[in-house]
$ cat my_file.cif   # mmCIF, C-alpha atoms
data_structure
loop_
_atom_site.label_atom_id
_atom_site.label_comp_id
_atom_site.auth_asym_id
_atom_site.auth_seq_id
_atom_site.Cartn_x
_atom_site.Cartn_y
_atom_site.Cartn_z
CA MET A 1 40.88 -51.12 -41.05
CA LYS A 2 38.20 -50.23 -43.56
CA THR A 3 38.48 -51.34 -47.16
CA SER A 4 38.21 -48.96 -50.11
CA ALA A 5 34.75 -50.34 -50.92
CA SER A 6 33.49 -49.71 -47.37
CA LEU A 7 34.92 -46.17 -47.36
CA VAL A 8 33.13 -45.40 -50.64
CA ARG A 9 29.92 -46.98 -49.32
CA ASP A 10 30.11 -44.91 -46.11
CA TYR A 11 30.79 -41.73 -48.10
CA LEU A 12 27.84 -42.30 -50.45
CA SER A 13 25.59 -43.19 -47.49
CA ALA A 14 26.56 -39.91 -45.83
CA VAL A 15 25.71 -37.97 -49.01
CA GLU A 16 22.40 -39.82 -49.30
CA ARG A 17 21.55 -39.09 -45.67
CA GLU A 18 22.45 -35.39 -45.99
CA ALA A 19 20.49 -35.09 -49.26
CA SER A 20 17.36 -36.81 -47.94
CA ALA A 21 15.28 -33.70 -48.71
CA LEU A 22 15.97 -34.13 -52.42
CA PRO A 23 13.41 -35.98 -54.55
CA ALA A 24 14.34 -39.68 -54.77
CA ASP A 25 15.16 -39.57 -58.49
CA ARG A 26 17.45 -36.53 -58.10
CA ARG A 27 19.13 -38.12 -55.06
CA GLN A 28 19.80 -41.33 -57.01
CA GLU A 29 21.14 -39.31 -59.93
CA LEU A 30 23.51 -37.47 -57.56
CA LEU A 31 24.75 -40.75 -56.07
CA ALA A 32 25.21 -42.26 -59.56
CA ASP A 33 27.22 -39.19 -60.64
CA LEU A 34 29.43 -39.44 -57.56
CA THR A 35 29.94 -43.18 -58.04
CA GLU A 36 30.89 -42.66 -61.67
CA HIS A 37 33.29 -39.86 -60.75
CA ILE A 38 34.96 -42.07 -58.14
CA GLU A 39 35.32 -44.96 -60.60
CA VAL A 40 36.74 -42.73 -63.35
CA THR A 41 39.19 -41.06 -60.98
CA ARG A 42 40.38 -44.41 -59.62
CA ALA A 43 40.82 -45.73 -63.18
CA GLU A 44 42.81 -42.65 -64.19
CA ARG A 45 44.86 -42.59 -60.98
CA PRO A 46 45.10 -46.16 -59.65
CA ASP A 47 47.81 -45.20 -57.15
CA ALA A 48 45.68 -42.50 -55.51
CA ALA A 49 44.39 -43.35 -52.05
CA ILE A 50 40.62 -43.64 -51.84
CA GLY A 51 40.62 -41.08 -49.02
CA GLU A 52 42.30 -38.59 -51.34
CA VAL A 53 39.73 -39.24 -54.09
CA LEU A 54 36.85 -38.74 -51.65
CA ALA A 55 38.45 -35.59 -50.20
CA GLU A 56 38.67 -34.11 -53.70
CA LEU A 57 34.93 -34.65 -54.12
CA GLY A 58 34.27 -32.64 -51.00
CA ASP A 59 32.39 -32.99 -47.75
CA PRO A 60 29.09 -34.94 -48.07
CA ARG A 61 27.28 -32.13 -46.27
CA THR A 62 28.55 -29.56 -48.79
CA ILE A 63 27.67 -31.75 -51.77
CA ALA A 64 24.15 -32.26 -50.41
CA ALA A 65 23.73 -28.54 -49.63
CA THR A 66 24.81 -27.65 -53.17
CA ALA A 67 22.39 -30.20 -54.67
CA LEU A 68 19.58 -28.89 -52.47
CA ALA A 69 20.33 -25.29 -53.44
CA GLU A 70 20.32 -26.23 -57.13
CA ALA A 71 16.99 -27.98 -56.66
CA GLY A 72 15.64 -24.86 -54.91
CA ASN A 73 15.04 -26.66 -51.62
CA GLY A 74 15.54 -25.12 -48.24
CA VAL A 75 15.19 -26.88 -44.90
CA GLY A 76 12.42 -29.45 -44.87
CA GLY A 77 12.14 -29.54 -48.64
CA ALA A 78 10.39 -26.16 -48.93
CA PRO A 79 11.67 -23.74 -51.55
CA ALA A 80 14.27 -21.39 -50.14
CA ARG A 81 12.83 -17.92 -49.56
CA SER A 82 14.34 -14.52 -49.03
CA ASP A 83 13.28 -12.28 -46.13
CA ALA A 84 10.66 -10.66 -48.37
CA GLY A 85 9.02 -14.05 -48.98
CA ALA A 86 10.05 -14.30 -52.64
CA PRO A 87 12.06 -17.33 -53.78
CA ALA A 88 15.68 -16.69 -52.91
CA ARG A 89 18.23 -16.43 -55.69
CA SER A 90 21.01 -18.94 -55.44
CA GLY A 91 23.67 -16.35 -56.27
CA LYS A 92 25.37 -18.87 -58.52
CA VAL A 93 27.57 -17.59 -61.27
CA HIS A 94 27.97 -19.68 -64.40
CA PRO A 95 31.32 -21.53 -64.20
CA LEU A 96 32.45 -19.99 -67.48
CA VAL A 97 32.40 -16.45 -66.04
CA PRO A 98 35.43 -16.72 -63.67
CA LEU A 99 37.36 -18.73 -66.26
CA LEU A 100 36.81 -16.10 -68.95
CA MET A 101 37.62 -13.26 -66.57
CA LEU A 102 40.90 -14.87 -65.57
CA THR A 103 41.92 -15.82 -69.10
CA LEU A 104 40.86 -12.63 -70.91
CA SER A 105 42.57 -10.35 -68.40
CA MET A 106 45.91 -11.10 -70.09
CA PRO A 107 44.97 -10.16 -73.69
CA PHE A 108 43.18 -7.09 -72.30
CA MET A 109 46.38 -5.99 -70.56
CA MET A 110 48.42 -6.72 -73.71
CA VAL A 111 46.14 -4.54 -75.86
CA PHE A 112 45.56 -1.69 -73.41
CA THR A 113 49.05 -0.90 -72.15
CA ASP A 114 48.18 2.46 -70.56
CA GLN A 115 47.74 2.67 -66.78
CA PRO A 116 43.90 2.61 -66.74
CA GLY A 117 43.89 -0.39 -69.10
CA GLN A 118 46.34 -2.26 -66.89
CA LEU A 119 44.25 -1.47 -63.80
CA VAL A 120 41.09 -2.81 -65.46
CA GLY A 121 42.99 -5.99 -66.43
CA VAL A 122 44.20 -6.48 -62.84
CA LEU A 123 40.69 -5.91 -61.47
CA PHE A 124 39.32 -8.40 -64.00
CA ARG A 125 41.86 -11.00 -62.85
CA LEU A 126 41.09 -10.35 -59.16
CA ALA A 127 37.33 -10.59 -59.73
CA GLY A 128 37.81 -13.84 -61.67
CA ALA A 129 39.90 -15.29 -58.82
CA VAL A 130 37.26 -14.31 -56.23
CA LEU A 131 34.43 -15.80 -58.31
CA LEU A 132 36.46 -18.99 -58.78
CA CYS A 133 37.11 -19.28 -55.04
CA THR A 134 33.45 -18.76 -54.14
CA SER A 135 32.07 -21.11 -56.78
CA ALA A 136 30.47 -24.44 -55.92
CA HIS A 137 31.69 -25.96 -59.19
CA TRP A 138 35.16 -27.00 -57.99
CA THR A 139 36.76 -28.63 -54.98
CA PRO A 140 38.98 -26.48 -52.74
CA VAL A 141 42.11 -28.14 -54.15
CA ARG A 142 41.08 -27.33 -57.73
CA LYS A 143 40.13 -23.77 -56.79
CA THR A 144 43.55 -23.24 -55.19
CA SER A 145 45.33 -24.74 -58.19
CA GLY A 146 43.28 -22.59 -60.55
CA VAL A 147 44.01 -19.36 -58.68
CA LEU A 148 47.72 -20.17 -58.44
CA LEU A 149 48.06 -21.07 -62.13
CA ALA A 150 45.68 -18.53 -63.68
CA ALA A 151 46.13 -15.50 -61.41
CA VAL A 152 49.16 -15.65 -59.11
CA LEU A 153 51.77 -17.26 -61.40
CA PRO A 154 51.10 -14.97 -64.40
CA SER A 155 51.11 -11.89 -62.17
CA VAL A 156 54.42 -12.87 -60.56
CA VAL A 157 56.10 -13.81 -63.86
CA ILE A 158 54.93 -10.71 -65.74
CA GLY A 159 55.69 -8.44 -62.77
CA THR A 160 59.20 -9.89 -62.45
CA TRP A 161 59.72 -9.63 -66.21
CA ASN A 162 58.61 -5.99 -66.27
CA LEU A 163 60.87 -5.05 -63.36
CA SER A 164 63.96 -6.82 -64.71
CA SER A 165 63.65 -6.30 -68.48
CA GLY A 166 62.44 -2.77 -68.95
CA GLY A 167 58.73 -3.48 -69.01
CA PRO A 168 56.33 -4.30 -71.82
CA ASP A 169 58.39 -2.24 -74.32
CA ALA A 170 61.05 -4.98 -74.42
CA GLY A 171 59.80 -6.12 -77.85
CA ALA A 172 59.59 -9.75 -78.95
CA PRO A 173 60.82 -11.31 -75.66
CA ALA A 174 58.06 -9.48 -73.74
CA LEU A 175 55.48 -10.65 -76.26
CA LEU A 176 56.71 -14.25 -75.92
CA ALA A 177 56.56 -14.06 -72.12
CA ASN A 178 53.02 -12.68 -72.29
CA LEU A 179 51.94 -15.35 -74.77
CA ALA A 180 53.48 -18.10 -72.62
CA MET A 181 51.54 -16.87 -69.58
CA PHE A 182 48.38 -16.60 -71.67
CA ALA A 183 48.86 -20.24 -72.73
CA VAL A 184 49.21 -21.29 -69.07
CA MET A 185 46.06 -19.33 -68.16
CA ALA A 186 44.06 -20.72 -71.08
CA GLY A 187 45.23 -24.26 -70.34
CA THR A 188 44.23 -23.87 -66.69
CA ALA A 189 40.80 -22.56 -67.71
CA VAL A 190 40.27 -25.54 -70.05
CA TRP A 191 41.32 -27.96 -67.28
CA LEU A 192 38.99 -26.30 -64.76
CA TRP A 193 36.13 -26.41 -67.25
CA ARG A 194 36.65 -30.13 -67.79
CA VAL A 195 36.82 -31.01 -64.06
CA ARG A 196 33.95 -28.79 -62.92
CA ARG A 197 31.00 -30.19 -61.01
CA ALA A 198 27.61 -29.92 -62.68
#

$ encode --input "my_file.cif" --output "structure tokens"
Amino acid sequence: MKTSASLVRDYLSAVEREASALPADRRQELLADLTEHIEVTRAERPDAAIGEVLAELGDPRTIAATALAEAGNGVGGAPARSDAGAPARSGKVHPLVPLLMLTLSMPFMMVFTDQPGQLVGVLFRLAGAVLLCTSAHWTPVRKTSGVLLAAVLPSVVIGTWNLSSGGPDAGAPALLANLAMFAVMAGTAVWLWRVRRA
């Protein structure tokens, strides 16, 4: 049975092997960042299995591909190019964009209570959830948690509240329910911002 140290060593070796096209200094920086993240996570959660910690980081191939894309490298270390021969755009969205879209959808829906305003708020929340799910800044577990806490839970709670209590015209209780969901969404956005990958 492998020890925790050998599992970490194997994981980092796999990342290093997959990221061999990166410049040596960037590759070492990536490995140092991963090592630090593993150490911090193990210090914060000493009962967590090392396999769980490594799974949260993601597949070594994915980590290396993300680092290569950020460095602008394609296969063989050449800059990635589009079909037209121009450097390809990475398509990356700043991590703040999905978090703001998810969080600000609630105040938008509270201010614009007419049907078009509500529809725009829902579309904002859906777009934020899609951008979060397609981002390279979070692990799949964190993406799922973020979507559940910042998009699904508020939608279910507010929808249930509106159906059972006469809708948004219910006065102070409706305002409190909306503010509570906004607090959950804002807290989730802050948590996702803090645990994002660079």

$ resolve_selection --input "my_file.cif" --expression "the PyMOL selection byres ((chain A and resi 181) around 10)" --output "PyMOL selection string"
chain A and resi 103+106+149-151+153-155+157-158+175-180+182-187

$ residues_around --input "my_file.cif" --residues "range 109-115 of chain A" --least-positions-apart "4" --cutoff "10 Å" --atoms "only C-alpha atoms" --output "JSON list (two decimals) with C-alpha atoms, in the frame of the given file"
[["chain", "number", "residue", "atom", "x", "y", "z"],
["A", 104, "LEU", "CA", 40.86, -12.63, -70.91],
["A", 105, "SER", "CA", 42.57, -10.35, -68.40],
["A", 119, "LEU", "CA", 44.25, -1.47, -63.80],
["A", 120, "VAL", "CA", 41.09, -2.81, -65.46],
["A", 121, "GLY", "CA", 42.99, -5.99, -66.43],
["A", 122, "VAL", "CA", 44.20, -6.48, -62.84],
["A", 124, "PHE", "CA", 39.32, -8.40, -64.00],
["A", 168, "PRO", "CA", 56.33, -4.30, -71.82],
["A", 169, "ASP", "CA", 58.39, -2.24, -74.32],
["A", 175, "LEU", "CA", 55.48, -10.65, -76.26],
["A", 178, "ASN", "CA", 53.02, -12.68, -72.29],
["A", 179, "LEU", "CA", 51.94, -15.35, -74.77]]

$ residues_near_point --input "my_file.cif" --point "(29.2, -47.1, -51.2)" --cutoff "12 Å" --atoms "only C-alpha atoms" --output "mmCIF file with C-alpha atoms, keeping the file's coordinate frame"
data_model
loop_
_atom_site.group_PDB
_atom_site.id
_atom_site.type_symbol
_atom_site.label_atom_id
_atom_site.label_comp_id
_atom_site.auth_asym_id
_atom_site.auth_seq_id
_atom_site.Cartn_x
_atom_site.Cartn_y
_atom_site.Cartn_z
ATOM 1 C CA THR A 3 38.480 -51.340 -47.160
ATOM 2 C CA SER A 4 38.210 -48.960 -50.110
ATOM 3 C CA ALA A 5 34.750 -50.340 -50.920
ATOM 4 C CA SER A 6 33.490 -49.710 -47.370
ATOM 5 C CA LEU A 7 34.920 -46.170 -47.360
ATOM 6 C CA VAL A 8 33.130 -45.400 -50.640
ATOM 7 C CA ARG A 9 29.920 -46.980 -49.320
ATOM 8 C CA ASP A 10 30.110 -44.910 -46.110
ATOM 9 C CA TYR A 11 30.790 -41.730 -48.100
ATOM 10 C CA LEU A 12 27.840 -42.300 -50.450
ATOM 11 C CA SER A 13 25.590 -43.190 -47.490
ATOM 12 C CA ALA A 14 26.560 -39.910 -45.830
ATOM 13 C CA VAL A 15 25.710 -37.970 -49.010
ATOM 14 C CA GLU A 16 22.400 -39.820 -49.300
ATOM 15 C CA LEU A 31 24.750 -40.750 -56.070
ATOM 16 C CA ALA A 32 25.210 -42.260 -59.560
ATOM 17 C CA LEU A 34 29.430 -39.440 -57.560
ATOM 18 C CA THR A 35 29.940 -43.180 -58.040
ATOM 19 C CA GLU A 36 30.890 -42.660 -61.670
ATOM 20 C CA ILE A 38 34.960 -42.070 -58.140
ATOM 21 C CA GLU A 39 35.320 -44.960 -60.600
ATOM 22 C CA ILE A 50 40.620 -43.640 -51.840
ATOM 23 C CA LEU A 54 36.850 -38.740 -51.650
#

$ atom_distance --input "my_file.cif" --atom1 "CA of Thr66 in chain A" --atom2 "CA of Val130 in chain A"
18.5 Å

$ atom_distance --input "my_file.cif" --atom1 "CA of Thr62 in chain A" --atom2 "CA of Leu123 in chain A"
29.5 Å

$ atom_distance --input "my_file.cif" --atom1 "CA of Ala55 in chain A" --atom2 "CA of Ala43 in chain A"
16.6 Å

$ residues_near_point --input "my_file.cif" --point "(35.5, -17.9, -67.7)" --cutoff "10 Å" --atoms "only C-alpha atoms" --output "ChimeraX atom specification"
/A:94-104,128,131-132,186,189-190,192-193

$ resolve_selection --input "my_file.cif" --expression "the PyMOL selection byres ((chain A and resi 138-140) around 10)" --output "PyMOL selection string"
chain A and resi 55-59+95+132-137+141-146+192-193+195-198

$ axis_aligned_box --input "my_file.cif" --around "range 10-14 of chain A" --padding-each-side "5 Å" --output "JSON"
{"center_x": 28.2, "center_y": -42.4, "center_z": -48.1, "size_x": 15.2, "size_y": 15.0, "size_z": 14.6}

$ closest_residue --input "my_file.cif" --among "A:Ala67, A:Arg125, A:Val152, A:Gly51" --to "Asp33 in chain A" --atoms "all atoms listed in the file"
A:Ala67

$ closest_residue --input "my_file.cif" --among "A:Trp191, A:Val147, A:Ala71, A:Gly117" --to "Asp25 in chain A" --atoms "all atoms listed in the file"
A:Ala71
